[in-house]
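Participant: The file below is protein-v8.tsv, TSV, N, CA and C atoms:
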```tsv
chain	number	residue	atom	x	y	z
E	1224	MET	N	-6.13	1.30	12.53
E	1224	MET	CA	-6.71	2.30	11.62
E	1224	MET	C	-7.99	1.70	11.05
E	1225	SER	N	-9.11	2.28	11.37
E	1225	SER	CA	-10.39	1.69	10.97
E	1225	SER	C	-10.88	2.15	9.60
E	1226	GLU	N	-10.31	3.20	9.07
E	1226	GLU	CA	-10.77	3.69	7.77
E	1226	GLU	C	-10.25	2.79	6.64
E	1227	PRO	N	-10.99	2.72	5.53
E	1227	PRO	CA	-10.51	1.92	4.40
E	1227	PRO	C	-9.26	2.55	3.77
E	1228	LEU	N	-8.36	1.70	3.32
E	1228	LEU	CA	-7.15	2.13	2.62
E	1228	LEU	C	-7.12	1.46	1.26
E	1229	TYR	N	-6.36	2.05	0.34
E	1229	TYR	CA	-6.34	1.57	-1.04
E	1229	TYR	C	-4.92	1.49	-1.57
E	1230	LYS	N	-4.76	0.68	-2.62
E	1230	LYS	CA	-3.46	0.51	-3.26
E	1230	LYS	C	-3.68	0.45	-4.77
E	1231	PHE	N	-3.00	1.33	-5.51
E	1231	PHE	CA	-3.00	1.26	-6.97
E	1231	PHE	C	-1.88	0.33	-7.41
E	1232	LEU	N	-2.18	-0.56	-8.34
E	1232	LEU	CA	-1.19	-1.48	-8.92
E	1232	LEU	C	-1.42	-1.58	-10.42
E	1233	ASN	N	-0.43	-2.06	-11.12
E	1233	ASN	CA	-0.58	-2.42	-12.54
E	1233	ASN	C	-0.69	-3.93	-12.58
E	1234	GLY	N	-1.93	-4.41	-12.66
E	1234	GLY	CA	-2.17	-5.84	-12.48
E	1234	GLY	C	-1.98	-6.14	-11.01
E	1235	ARG	N	-0.96	-6.91	-10.68
E	1235	ARG	CA	-0.61	-7.17	-9.29
E	1235	ARG	C	0.79	-6.66	-8.99
E	1236	GLU	N	1.34	-5.86	-9.89
E	1236	GLU	CA	2.71	-5.37	-9.72
E	1236	GLU	C	2.72	-3.92	-9.25
E	1237	ALA	N	3.65	-3.61	-8.34
E	1237	ALA	CA	3.80	-2.24	-7.85
E	1237	ALA	C	4.09	-1.30	-9.01
E	1238	THR	N	3.61	-0.09	-8.92
E	1238	THR	CA	3.74	0.87	-10.03
E	1238	THR	C	5.15	1.40	-10.20
E	1239	HIS	N	5.95	1.46	-9.15
E	1239	HIS	CA	7.29	2.06	-9.24
E	1239	HIS	C	8.42	1.09	-8.90
E	1240	VAL	N	8.10	-0.18	-8.68
E	1240	VAL	CA	9.13	-1.17	-8.35
E	1240	VAL	C	8.88	-2.40	-9.21
E	1241	PRO	N	9.48	-2.45	-10.39
E	1241	PRO	CA	9.27	-3.61	-11.28
E	1241	PRO	C	9.58	-4.93	-10.57
E	1242	GLY	N	8.70	-5.89	-10.73
E	1242	GLY	CA	8.90	-7.20	-10.14
E	1242	GLY	C	8.37	-7.36	-8.73
E	1243	PHE	N	7.99	-6.27	-8.08
E	1243	PHE	CA	7.43	-6.34	-6.72
E	1243	PHE	C	5.94	-6.59	-6.86
E	1244	ARG	N	5.53	-7.83	-6.62
E	1244	ARG	CA	4.14	-8.24	-6.88
E	1244	ARG	C	3.37	-8.51	-5.59
E	1245	TYR	N	2.07	-8.32	-5.68
E	1245	TYR	CA	1.15	-8.58	-4.58
E	1245	TYR	C	0.24	-9.75	-4.96
E	1246	ARG	N	-0.23	-10.47	-3.95
E	1246	ARG	CA	-1.25	-11.51	-4.12
E	1246	ARG	C	-2.37	-11.21	-3.13
E	1247	LEU	N	-3.61	-11.37	-3.55
E	1247	LEU	CA	-4.74	-11.11	-2.66
E	1247	LEU	C	-4.58	-11.87	-1.35
E	1248	GLY	N	-4.73	-11.15	-0.25
E	1248	GLY	CA	-4.69	-11.74	1.07
E	1248	GLY	C	-3.32	-12.06	1.63
E	1249	GLN	N	-2.27	-11.93	0.83
E	1249	GLN	CA	-0.92	-12.28	1.29
E	1249	GLN	C	-0.19	-11.03	1.77
E	1250	TRP	N	0.35	-11.09	2.98
E	1250	TRP	CA	1.08	-9.96	3.53
E	1250	TRP	C	2.39	-9.75	2.79
E	1251	ARG	N	2.73	-8.49	2.54
E	1251	ARG	CA	4.05	-8.07	2.01
E	1251	ARG	C	4.71	-7.26	3.10
E	1252	GLU	N	6.01	-7.35	3.18
E	1252	GLU	CA	6.74	-6.64	4.23
E	1252	GLU	C	8.06	-6.11	3.68
E	1253	VAL	N	8.46	-4.94	4.17
E	1253	VAL	CA	9.74	-4.35	3.78
E	1253	VAL	C	10.58	-4.11	5.03
E	1254	GLU	N	11.89	-4.06	4.82
E	1254	GLU	CA	12.83	-3.78	5.90
E	1254	GLU	C	13.43	-2.40	5.71
E	1255	GLY	N	14.10	-1.92	6.72
E	1255	GLY	CA	14.77	-0.63	6.64
E	1255	GLY	C	13.86	0.50	7.09
E	1256	PRO	N	14.42	1.70	7.17
E	1256	PRO	CA	13.63	2.85	7.61
E	1256	PRO	C	12.52	3.19	6.61
E	1257	LEU	N	11.36	3.58	7.12
E	1257	LEU	CA	10.26	3.99	6.27
E	1257	LEU	C	10.51	5.41	5.78
E	1258	VAL	N	10.57	5.58	4.47
E	1258	VAL	CA	10.83	6.88	3.85
E	1258	VAL	C	9.85	7.03	2.69
E	1259	PRO	N	8.94	8.00	2.76
E	1259	PRO	CA	7.97	8.19	1.68
E	1259	PRO	C	8.66	8.27	0.31
E	1260	CYS	N	8.09	7.57	-0.65
E	1260	CYS	CA	8.54	7.54	-2.04
E	1260	CYS	C	9.89	6.84	-2.23
E	1261	LYS	N	10.46	6.29	-1.15
E	1261	LYS	CA	11.75	5.60	-1.26
E	1261	LYS	C	11.71	4.21	-0.68
E	1262	ASN	N	11.17	4.05	0.52
E	1262	ASN	CA	11.13	2.74	1.16
E	1262	ASN	C	9.89	2.61	2.02
E	1263	GLY	N	9.15	1.56	1.77
E	1263	GLY	CA	7.93	1.27	2.51
E	1263	GLY	C	6.83	0.89	1.54
E	1264	LEU	N	5.77	0.36	2.08
E	1264	LEU	CA	4.59	0.04	1.28
E	1264	LEU	C	3.66	1.24	1.37
E	1265	HIS	N	3.21	1.73	0.23
E	1265	HIS	CA	2.45	2.97	0.17
E	1265	HIS	C	0.98	2.69	-0.08
E	1266	LEU	N	0.14	3.19	0.81
E	1266	LEU	CA	-1.31	3.03	0.72
E	1266	LEU	C	-1.96	4.40	0.71
E	1267	LEU	N	-3.22	4.45	0.29
E	1267	LEU	CA	-3.93	5.72	0.16
E	1267	LEU	C	-5.23	5.73	0.94
E	1268	ARG	N	-5.56	6.88	1.48
E	1268	ARG	CA	-6.89	7.11	2.01
E	1268	ARG	C	-7.79	7.51	0.84
E	1269	ALA	N	-9.09	7.39	1.01
E	1269	ALA	CA	-10.04	7.70	-0.06
E	1269	ALA	C	-9.87	9.12	-0.59
E	1270	GLU	N	-9.62	10.08	0.29
E	1270	GLU	CA	-9.52	11.48	-0.16
E	1270	GLU	C	-8.28	11.75	-1.00
E	1271	HIS	N	-7.34	10.82	-1.06
E	1271	HIS	CA	-6.12	11.02	-1.85
E	1271	HIS	C	-6.10	10.22	-3.15
E	1272	LEU	N	-7.15	9.49	-3.43
E	1272	LEU	CA	-7.18	8.66	-4.65
E	1272	LEU	C	-7.02	9.48	-5.93
E	1273	SER	N	-7.57	10.68	-5.96
E	1273	SER	CA	-7.52	11.48	-7.19
E	1273	SER	C	-6.11	11.98	-7.51
E	1274	ARG	N	-5.19	11.93	-6.55
E	1274	ARG	CA	-3.82	12.39	-6.78
E	1274	ARG	C	-2.95	11.33	-7.44
E	1275	TRP	N	-3.41	10.09	-7.44
E	1275	TRP	CA	-2.62	8.97	-7.93
E	1275	TRP	C	-3.44	8.18	-8.93
E	1276	SER	N	-2.79	7.40	-9.76
E	1276	SER	CA	-3.52	6.59	-10.72
E	1276	SER	C	-2.65	5.45	-11.22
E	1277	ALA	N	-3.28	4.33	-11.47
E	1277	ALA	CA	-2.66	3.18	-12.11
E	1277	ALA	C	-3.80	2.33	-12.64
E	1278	ARG	N	-3.46	1.24	-13.26
E	1278	ARG	CA	-4.46	0.41	-13.93
E	1278	ARG	C	-5.49	-0.20	-12.99
E	1279	ASP	N	-5.05	-0.67	-11.83
E	1279	ASP	CA	-5.95	-1.42	-10.94
E	1279	ASP	C	-5.95	-0.82	-9.54
E	1280	LEU	N	-7.14	-0.77	-8.95
E	1280	LEU	CA	-7.30	-0.25	-7.59
E	1280	LEU	C	-7.75	-1.38	-6.68
E	1281	PHE	N	-7.08	-1.52	-5.53
E	1281	PHE	CA	-7.40	-2.56	-4.56
E	1281	PHE	C	-7.70	-1.94	-3.21
E	1282	VAL	N	-8.56	-2.59	-2.45
E	1282	VAL	CA	-8.73	-2.29	-1.04
E	1282	VAL	C	-7.56	-2.96	-0.33
E	1283	ALA	N	-6.94	-2.26	0.61
E	1283	ALA	CA	-5.75	-2.77	1.27
E	1283	ALA	C	-5.86	-2.63	2.78
E	1284	GLU	N	-5.03	-3.38	3.48
E	1284	GLU	CA	-4.93	-3.29	4.93
E	1284	GLU	C	-3.47	-3.14	5.31
E	1285	LEU	N	-3.21	-2.39	6.37
E	1285	LEU	CA	-1.86	-2.35	6.92
E	1285	LEU	C	-1.87	-3.09	8.25
E	1286	ASP	N	-0.75	-3.61	8.62
E	1286	ASP	CA	-0.60	-4.28	9.91
E	1286	ASP	C	-0.28	-3.20	10.94
E	1287	GLU	N	-1.25	-2.86	11.75
E	1287	GLU	CA	-1.08	-1.77	12.72
E	1287	GLU	C	-0.10	-2.11	13.83
E	1288	GLU	N	0.25	-3.37	13.97
E	1288	GLU	CA	1.24	-3.78	14.97
E	1288	GLU	C	2.66	-3.42	14.52
E	1289	MET	N	2.83	-3.19	13.22
E	1289	MET	CA	4.13	-2.85	12.65
E	1289	MET	C	4.18	-1.33	12.43
E	1290	ALA	N	5.37	-0.81	12.16
E	1290	ALA	CA	5.56	0.63	11.97
E	1290	ALA	C	4.79	1.14	10.75
E	1291	TRP	N	4.26	2.36	10.88
E	1291	TRP	CA	3.67	3.06	9.75
E	1291	TRP	C	3.70	4.55	10.05
E	1292	ILE	N	3.68	5.36	8.98
E	1292	ILE	CA	3.68	6.81	9.15
E	1292	ILE	C	2.66	7.43	8.20
E	1293	ASP	N	2.11	8.55	8.62
E	1293	ASP	CA	1.21	9.33	7.78
E	1293	ASP	C	2.08	10.35	7.06
E	1294	ALA	N	2.19	10.21	5.74
E	1294	ALA	CA	3.05	11.10	4.95
E	1294	ALA	C	2.23	12.15	4.20
E	1295	GLY	N	1.08	12.50	4.72
E	1295	GLY	CA	0.26	13.55	4.12
E	1295	GLY	C	-0.68	13.02	3.06
E	1296	ASP	N	-0.18	12.76	1.85
E	1296	ASP	CA	-1.04	12.25	0.78
E	1296	ASP	C	-0.91	10.75	0.59
E	1297	LYS	N	-0.28	10.06	1.56
E	1297	LYS	CA	-0.15	8.61	1.52
E	1297	LYS	C	0.21	8.10	2.91
E	1298	ILE	N	-0.04	6.84	3.13
E	1298	ILE	CA	0.40	6.14	4.33
E	1298	ILE	C	1.57	5.25	3.90
E	1299	VAL	N	2.65	5.29	4.64
E	1299	VAL	CA	3.81	4.45	4.34
E	1299	VAL	C	3.94	3.47	5.51
E	1300	CYS	N	3.95	2.18	5.18
E	1300	CYS	CA	3.95	1.18	6.25
E	1300	CYS	C	4.95	0.06	5.99
E	1301	ARG	N	5.23	-0.66	7.04
E	1301	ARG	CA	6.17	-1.78	6.98
E	1301	ARG	C	5.52	-3.03	6.40
E	1302	ARG	N	4.22	-3.28	6.73
E	1302	ARG	CA	3.56	-4.53	6.34
E	1302	ARG	C	2.14	-4.23	5.91
E	1303	ALA	N	1.75	-4.77	4.73
E	1303	ALA	CA	0.41	-4.53	4.21
E	1303	ALA	C	0.01	-5.68	3.28
E	1304	ARG	N	-1.28	-5.70	2.94
E	1304	ARG	CA	-1.78	-6.67	1.98
E	1304	ARG	C	-2.97	-6.08	1.23
E	1305	ILE	N	-3.20	-6.60	0.03
E	1305	ILE	CA	-4.40	-6.22	-0.71
E	1305	ILE	C	-5.45	-7.29	-0.42
E	1306	VAL	N	-6.71	-6.85	-0.30
E	1306	VAL	CA	-7.77	-7.79	0.10
E	1306	VAL	C	-8.94	-7.85	-0.88
E	1307	GLU	N	-9.05	-6.87	-1.77
E	1307	GLU	CA	-10.18	-6.86	-2.71
E	1307	GLU	C	-9.82	-6.02	-3.91
E	1308	HIS	N	-10.19	-6.49	-5.09
E	1308	HIS	CA	-9.93	-5.75	-6.33
E	1308	HIS	C	-11.12	-4.86	-6.62
```
Show this structure as structure tokens.
Facilitator:
Amino acid sequence: MSEPLYKFLNGREATHVPGFRYRLGQWREVEGPLVPCKNGLHLLRAEHLSRWSARDLFVAELDEEMAWIDAGDKIVCRRARIVEH
């Protein structure tokens, strides 16, 4: 996926999973079936940024070699990382 993707966080912590933290450049990965809003790492395309909000916005990457799905207003993936604040 060549387009830029984004991730909203509160500091470096996921907005809906307390204690799930990100570090710049470090890959995060989840197991189990990808289910929007339930399981997976959630990223945004630029056109969907206005639908979501949190304290901090990061540029993110997904690992295209791993599973991911387009869930309409978000991308849900197995493996991703934040690369720029």
Participant: Where does stretch 1236-1272 of chain E meet stretch 1293-1302 of chain E within 6.5 Å, residue by residue, with the nearest atom pair and distance in Å to one decimal for each, counting only N, CA and C atoms, listed by chain and rising number, as a Markdown table?
Facilitator:
```
| residue | atom | partner | partner_atom | distance |
| --- | --- | --- | --- | --- |
| E:Trp1250 | CA | E:Arg1302 | C | 6.3 |
| E:Arg1251 | C | E:Arg1302 | CA | 4.4 |
| E:Glu1252 | CA | E:Arg1302 | CA | 4.4 |
| E:Val1253 | N | E:Arg1301 | C | 4.2 |
| E:Leu1257 | CA | E:Val1299 | C | 6.4 |
| E:Pro1259 | CA | E:Val1299 | CA | 6.2 |
| E:Gly1263 | CA | E:Cys1300 | C | 4.7 |
| E:Leu1264 | C | E:Cys1300 | N | 3.9 |
| E:His1265 | CA | E:Ile1298 | C | 4.5 |
| E:Leu1266 | C | E:Ile1298 | N | 3.9 |
| E:Leu1267 | N | E:Ile1298 | N | 4.9 |
| E:Arg1268 | N | E:Lys1297 | CA | 5.7 |
| E:His1271 | CA | E:Asp1296 | C | 5.8 |
```
Participant: Just list as a PyMOL selection string whatever in chain E DSSP marks as strand (DSSP E or B).
Facilitator: chain E and resi 1228-1233+1236+1244+1251-1252+1258+1262+1264-1268+1279-1285+1291-1293+1298-1300+1302-1307
Participant: Just to confirm, what's the straight-line distance from atom CA of E:Leu1232 to atom CA of E:Cys1260 in Å (one decimal)?
Facilitator: 14.9 Å
Participant: If you measure from atom C of E:Ile1305 to atom N of E:Glu1284, what distance in Å do you get, rounded to one decimal?
Facilitator: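 Answer for the atom C of E:Ile1305 to atom N of E:Glu1284 separation: 5.5 Å.
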Participant: Could you jot down the atom N of E:Ile1292 to atom CA of E:Gly1242 separation for me, Å, one decimal place?
Facilitator: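 We find that atom N of E:Ile1292 and atom CA of E:Gly1242 lie 23.5 Å from each other.
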Participant: Using only C-alpha atoms, can you tell me which of E:Ala1269, E:Ala1277, E:Leu1285, E:Ala1290 comes closest to E:Asn1233?
Facilitator: E:Ala1277
Participant: Rank nothing, just name the residue among E:Pro1241, E:Ala1303, E:His1308, E:Lys1261 nearest to E:Asp1286, using only C-alpha atoms.
Facilitator: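 Using only C-alpha atoms, E:Asp1286 sits closest to E:Ala1303.
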Participant: Please list as a list in words every residue within 7 Å of E:Gly1248, counting only N, CA and C atoms and excluding residues in the same chain fewer than 4 positions away.
Facilitator: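 Non-adjacent residues within range: Arg1304, Ile1305, Val1306 and Glu1307 of chain E.
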Participant: Please determine, counting only C-alpha atoms, which residue among E:Gly1255, E:Val1282, E:Glu1226, E:Asn1262 has the shortest atom-to-atom distance to E:His1239.
Facilitator: E:Asn1262
Participant: Would you please work out which residue, of E:Val1258, E:Glu1288, E:Trp1275, E:Ala1283, is nearest to E:Lys1230 when using all atoms listed in the file?
Facilitator: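 The closest residue to E:Lys1230 is E:Ala1283.
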Participant: Let me make sure I understand: among E:Glu1254, E:Arg1235, E:Tyr1245, E:Trp1291, which one has the smallest atom-to-atom distance to E:Asp1279 if we use only N, CA and C atoms?
Facilitator: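 Using only N, CA and C atoms, the shortest distance to E:Asp1279 belongs to E:Arg1235.
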Participant: Complete the atoms of stretch 1242-1266 of chain E to N, CA, C and O atoms and put them out as a tab-separated table (two decimals), in the frame of the given file.
Facilitator:
```tsv
chain	number	residue	atom	x	y	z
E	1242	GLY	N	8.70	-5.89	-10.73
E	1242	GLY	CA	8.90	-7.20	-10.14
E	1242	GLY	C	8.37	-7.36	-8.73
E	1242	GLY	O	8.30	-8.46	-8.20
E	1243	PHE	N	7.99	-6.27	-8.08
E	1243	PHE	CA	7.43	-6.34	-6.72
E	1243	PHE	C	5.94	-6.59	-6.86
E	1243	PHE	O	5.18	-5.69	-7.21
E	1244	ARG	N	5.53	-7.83	-6.62
E	1244	ARG	CA	4.14	-8.24	-6.88
E	1244	ARG	C	3.37	-8.51	-5.59
E	1244	ARG	O	3.95	-8.87	-4.57
E	1245	TYR	N	2.07	-8.32	-5.68
E	1245	TYR	CA	1.15	-8.58	-4.58
E	1245	TYR	C	0.24	-9.75	-4.96
E	1245	TYR	O	-0.05	-9.96	-6.14
E	1246	ARG	N	-0.23	-10.47	-3.95
E	1246	ARG	CA	-1.25	-11.51	-4.12
E	1246	ARG	C	-2.37	-11.21	-3.13
E	1246	ARG	O	-2.09	-10.82	-1.98
E	1247	LEU	N	-3.61	-11.37	-3.55
E	1247	LEU	CA	-4.74	-11.11	-2.66
E	1247	LEU	C	-4.58	-11.87	-1.35
E	1247	LEU	O	-4.31	-13.07	-1.35
E	1248	GLY	N	-4.73	-11.15	-0.25
E	1248	GLY	CA	-4.69	-11.74	1.07
E	1248	GLY	C	-3.32	-12.06	1.63
E	1248	GLY	O	-3.20	-12.41	2.80
E	1249	GLN	N	-2.27	-11.93	0.83
E	1249	GLN	CA	-0.92	-12.28	1.29
E	1249	GLN	C	-0.19	-11.03	1.77
E	1249	GLN	O	-0.10	-10.04	1.05
E	1250	TRP	N	0.35	-11.09	2.98
E	1250	TRP	CA	1.08	-9.96	3.53
E	1250	TRP	C	2.39	-9.75	2.79
E	1250	TRP	O	3.07	-10.70	2.44
E	1251	ARG	N	2.73	-8.49	2.54
E	1251	ARG	CA	4.05	-8.07	2.01
E	1251	ARG	C	4.71	-7.26	3.10
E	1251	ARG	O	4.04	-6.54	3.84
E	1252	GLU	N	6.01	-7.35	3.18
E	1252	GLU	CA	6.74	-6.64	4.23
E	1252	GLU	C	8.06	-6.11	3.68
E	1252	GLU	O	8.67	-6.74	2.82
E	1253	VAL	N	8.46	-4.94	4.17
E	1253	VAL	CA	9.74	-4.35	3.78
E	1253	VAL	C	10.58	-4.11	5.03
E	1253	VAL	O	10.07	-3.99	6.13
E	1254	GLU	N	11.89	-4.06	4.82
E	1254	GLU	CA	12.83	-3.78	5.90
E	1254	GLU	C	13.43	-2.40	5.71
E	1254	GLU	O	13.27	-1.79	4.65
E	1255	GLY	N	14.10	-1.92	6.72
E	1255	GLY	CA	14.77	-0.63	6.64
E	1255	GLY	C	13.86	0.50	7.09
E	1255	GLY	O	12.68	0.30	7.36
E	1256	PRO	N	14.42	1.70	7.17
E	1256	PRO	CA	13.63	2.85	7.61
E	1256	PRO	C	12.52	3.19	6.61
E	1256	PRO	O	12.72	3.09	5.40
E	1257	LEU	N	11.36	3.58	7.12
E	1257	LEU	CA	10.26	3.99	6.27
E	1257	LEU	C	10.51	5.41	5.78
E	1257	LEU	O	10.66	6.33	6.59
E	1258	VAL	N	10.57	5.58	4.47
E	1258	VAL	CA	10.83	6.88	3.85
E	1258	VAL	C	9.85	7.03	2.69
E	1258	VAL	O	9.91	6.25	1.74
E	1259	PRO	N	8.94	8.00	2.76
E	1259	PRO	CA	7.97	8.19	1.68
E	1259	PRO	C	8.66	8.27	0.31
E	1259	PRO	O	9.69	8.93	0.15
E	1260	CYS	N	8.09	7.57	-0.65
E	1260	CYS	CA	8.54	7.54	-2.04
E	1260	CYS	C	9.89	6.84	-2.23
E	1260	CYS	O	10.41	6.81	-3.34
E	1261	LYS	N	10.46	6.29	-1.15
E	1261	LYS	CA	11.75	5.60	-1.26
E	1261	LYS	C	11.71	4.21	-0.68
E	1261	LYS	O	12.16	3.26	-1.30
E	1262	ASN	N	11.17	4.05	0.52
E	1262	ASN	CA	11.13	2.74	1.16
E	1262	ASN	C	9.89	2.61	2.02
E	1262	ASN	O	9.63	3.44	2.88
E	1263	GLY	N	9.15	1.56	1.77
E	1263	GLY	CA	7.93	1.27	2.51
E	1263	GLY	C	6.83	0.89	1.54
E	1263	GLY	O	6.97	1.04	0.32
E	1264	LEU	N	5.77	0.36	2.08
E	1264	LEU	CA	4.59	0.04	1.28
E	1264	LEU	C	3.66	1.24	1.37
E	1264	LEU	O	3.37	1.73	2.46
E	1265	HIS	N	3.21	1.73	0.23
E	1265	HIS	CA	2.45	2.97	0.17
E	1265	HIS	C	0.98	2.69	-0.08
E	1265	HIS	O	0.63	2.02	-1.06
E	1266	LEU	N	0.14	3.19	0.81
E	1266	LEU	CA	-1.31	3.03	0.72
E	1266	LEU	C	-1.96	4.40	0.71
E	1266	LEU	O	-1.35	5.39	1.11
```
